[in-house]
Amino acid sequence: MKVVLFCGGLGTRLREYSETIPKPMVNIGARPMIWNVMKYYAHYGHTDFILCLGYRGDMIRNYFLNYDECLSNDFVLSKGGKEVRLYNRDIADWTITFADTGQHSNIGQRLKAVEKYLDGEEVFLANYTDGLSDLPLDIYLDDFLRQRKTGSMLCVRPNHSFHLVQEPFRRMITAGQLMAYRHEGFWTCMDTLKDKQILDDMHARGERPWEVWKDAEKVEMTATLTPRRRDGSG
């Protein structure tokens with residue numbers, strides 16, 4: 001299932017950063033927001049991404065073209081730095097389509113611009129790149145597919161106002177084809193400098209509920225390091 005990510009806006013309410021870099025490239029810890037969002041989807045097996053680029057799309061392109069996995073993985077350095085052996089990999093199984101969708105397009109226009117890259121897809125996922133959540137995506141998708149609707153939106157209690165694509169949603173509501181999935185868990189977005197500071201503080205304290213992939217990585221590491229018994233079992 002492909003994942004469309006909107007990452008071309010100007011980010012005017014985060015002006016302290018967005019005047020020089022696009023909001024999706026603002027770091028939380030060692031990695032930018034867009035990486036955290038993509039890592040979330042990849043945890044649930046969705047690793048085919050379409051990035052709807054706009055403002056400073058060149059920075060997003062260059063980030064992945066020059067991606068350094070050592071920044072977020074344990075590794076061994078040997079031979080005077082000539083050889084690096086990673087214990088884990090981040091994006092080896094990711095497929096990323098970089099699409100220029102315009103500097104001032106709204107999300108509806110951006111989605112229309114990448115429609116050709118969704119040819120043959122019966123269902124796809126779409127999201128902004130400034131929000132983080134611990135939503136159990138597999139349960140959410142099962143619920144959506146079971147109800148056989150045209151579209152589904154995550155329903156949370158935000159502290160911000162958002163501009164959505166109104167007319168298509170109105171048509172789906174009239175036809176009874178738009179559903180809302182209520183999520184009472186963690187959800188937040190980085191819309192202002194205050195939002196970033198809150199996320200930075202959470203990250204520094206180790207309170208990172210959006211990092212749903214961490215538990216899986218711990219299980220994988222434990223399985224890798226568990227010694228086998230002498231009788232060959234275990």
# chains A, B, ... in the order shown; residues from 1 in each chain; ligands from 1

call {"tool": "residues_around", "arguments": {"residues": "region 51-60 of chain A", "least_positions_apart": "2", "cutoff": "6 Å", "atoms": "only C-alpha atoms", "output": "PyMOL selection string"}}
result
chain A and resi 5-10+22+62-63+98-103

call {"tool": "closest_residue", "arguments": {"among": "A:Leu86, A:Leu125, A:Leu135, A:Ile28", "to": "Asp201 (chain A)", "atoms": "only C-alpha atoms"}}
result
A:Ile28

call {"tool": "select_by_dssp", "arguments": {"residues": "region 89-136 of chain A", "states": "helix (DSSP H, G or I)", "output": "CSV table (one decimal) with N, CA, C and O atoms, in the first residue's frame"}}
result
chain,number,residue,atom,x,y,z
A,107,ILE,N,-3.4,20.7,-0.7
A,107,ILE,CA,-3.2,19.2,-0.7
A,107,ILE,C,-4.0,18.5,-1.8
A,107,ILE,O,-3.6,17.4,-2.3
A,108,GLY,N,-5.2,19.0,-2.2
A,108,GLY,CA,-5.9,18.4,-3.2
A,108,GLY,C,-5.2,18.5,-4.6
A,108,GLY,O,-5.1,17.5,-5.3
A,109,GLN,N,-4.6,19.6,-4.8
A,109,GLN,CA,-3.8,19.8,-6.1
A,109,GLN,C,-2.6,18.9,-6.0
A,109,GLN,O,-2.2,18.4,-7.1
A,110,ARG,N,-2.0,18.8,-4.9
A,110,ARG,CA,-0.8,17.9,-4.8
A,110,ARG,C,-1.1,16.5,-5.0
A,110,ARG,O,-0.4,15.7,-5.7
A,111,LEU,N,-2.3,16.1,-4.4
A,111,LEU,CA,-2.7,14.7,-4.6
A,111,LEU,C,-3.0,14.4,-6.1
A,111,LEU,O,-2.7,13.4,-6.6
A,112,LYS,N,-3.7,15.4,-6.7
A,112,LYS,CA,-4.0,15.2,-8.2
A,112,LYS,C,-2.7,15.1,-9.0
A,112,LYS,O,-2.6,14.3,-10.0
A,113,ALA,N,-1.7,15.9,-8.6
A,113,ALA,CA,-0.4,15.9,-9.3
A,113,ALA,C,0.3,14.5,-9.3
A,113,ALA,O,1.1,14.2,-10.2
A,115,GLU,N,-1.3,11.6,-9.0
A,115,GLU,CA,-2.3,10.5,-9.3
A,115,GLU,C,-1.7,9.4,-10.2
A,115,GLU,O,-2.0,8.3,-10.0
A,116,LYS,N,-0.9,9.9,-11.1
A,116,LYS,CA,-0.3,8.9,-12.1
A,116,LYS,C,0.6,7.9,-11.3
A,116,LYS,O,0.8,6.8,-11.8
A,117,TYR,N,1.1,8.3,-10.2
A,117,TYR,CA,2.0,7.3,-9.4
A,117,TYR,C,1.2,6.4,-8.6
A,117,TYR,O,1.7,5.5,-8.0
A,118,LEU,N,-0.1,6.6,-8.6
A,118,LEU,CA,-1.0,5.7,-7.8
A,118,LEU,C,-1.8,4.8,-8.7
A,118,LEU,O,-2.8,4.1,-8.3

call {"tool": "atom_distance", "arguments": {"atom1": "CA of Asp90 (chain A)", "atom2": "CA of Tyr41 (chain A)"}}
result
12.3 Å

call {"tool": "closest_residue", "arguments": {"among": "A:Gly185, A:Lys2, A:Gln197, A:Ala175", "to": "Thr97 (chain A)", "atoms": "only C-alpha atoms"}}
result
A:Lys2

call {"tool": "residues_around", "arguments": {"residues": "Cys189 (chain A)", "least_positions_apart": "2", "cutoff": "7 Å", "atoms": "only C-alpha atoms", "output": "PDB file with C-alpha atoms, in the first residue's frame"}}
result
ATOM      1  CA  ASP A 130       4.434  17.390  10.576  1.00  0.00           C
ATOM      2  CA  GLY A 131       2.313  15.081  12.762  1.00  0.00           C
ATOM      3  CA  LEU A 132       3.328  12.202  15.035  1.00  0.00           C
ATOM      4  CA  ASP A 191       3.090  23.615  13.722  1.00  0.00           C
TER       5      ASP A 191
END

call {"tool": "select_by_dssp", "arguments": {"residues": "region 66-165 of chain A", "states": "strand (DSSP E)", "output": "VMD selection string"}}
result
chain A and resid 75 to 78 83 to 86 95 to 100 125 to 128 131 to 133 151 to 155

call {"tool": "closest_residue", "arguments": {"among": "A:Asp48, A:Glu83, A:Glu207, A:Asp143", "to": "Met179 (chain A)", "atoms": "only C-alpha atoms"}}
result
A:Asp143
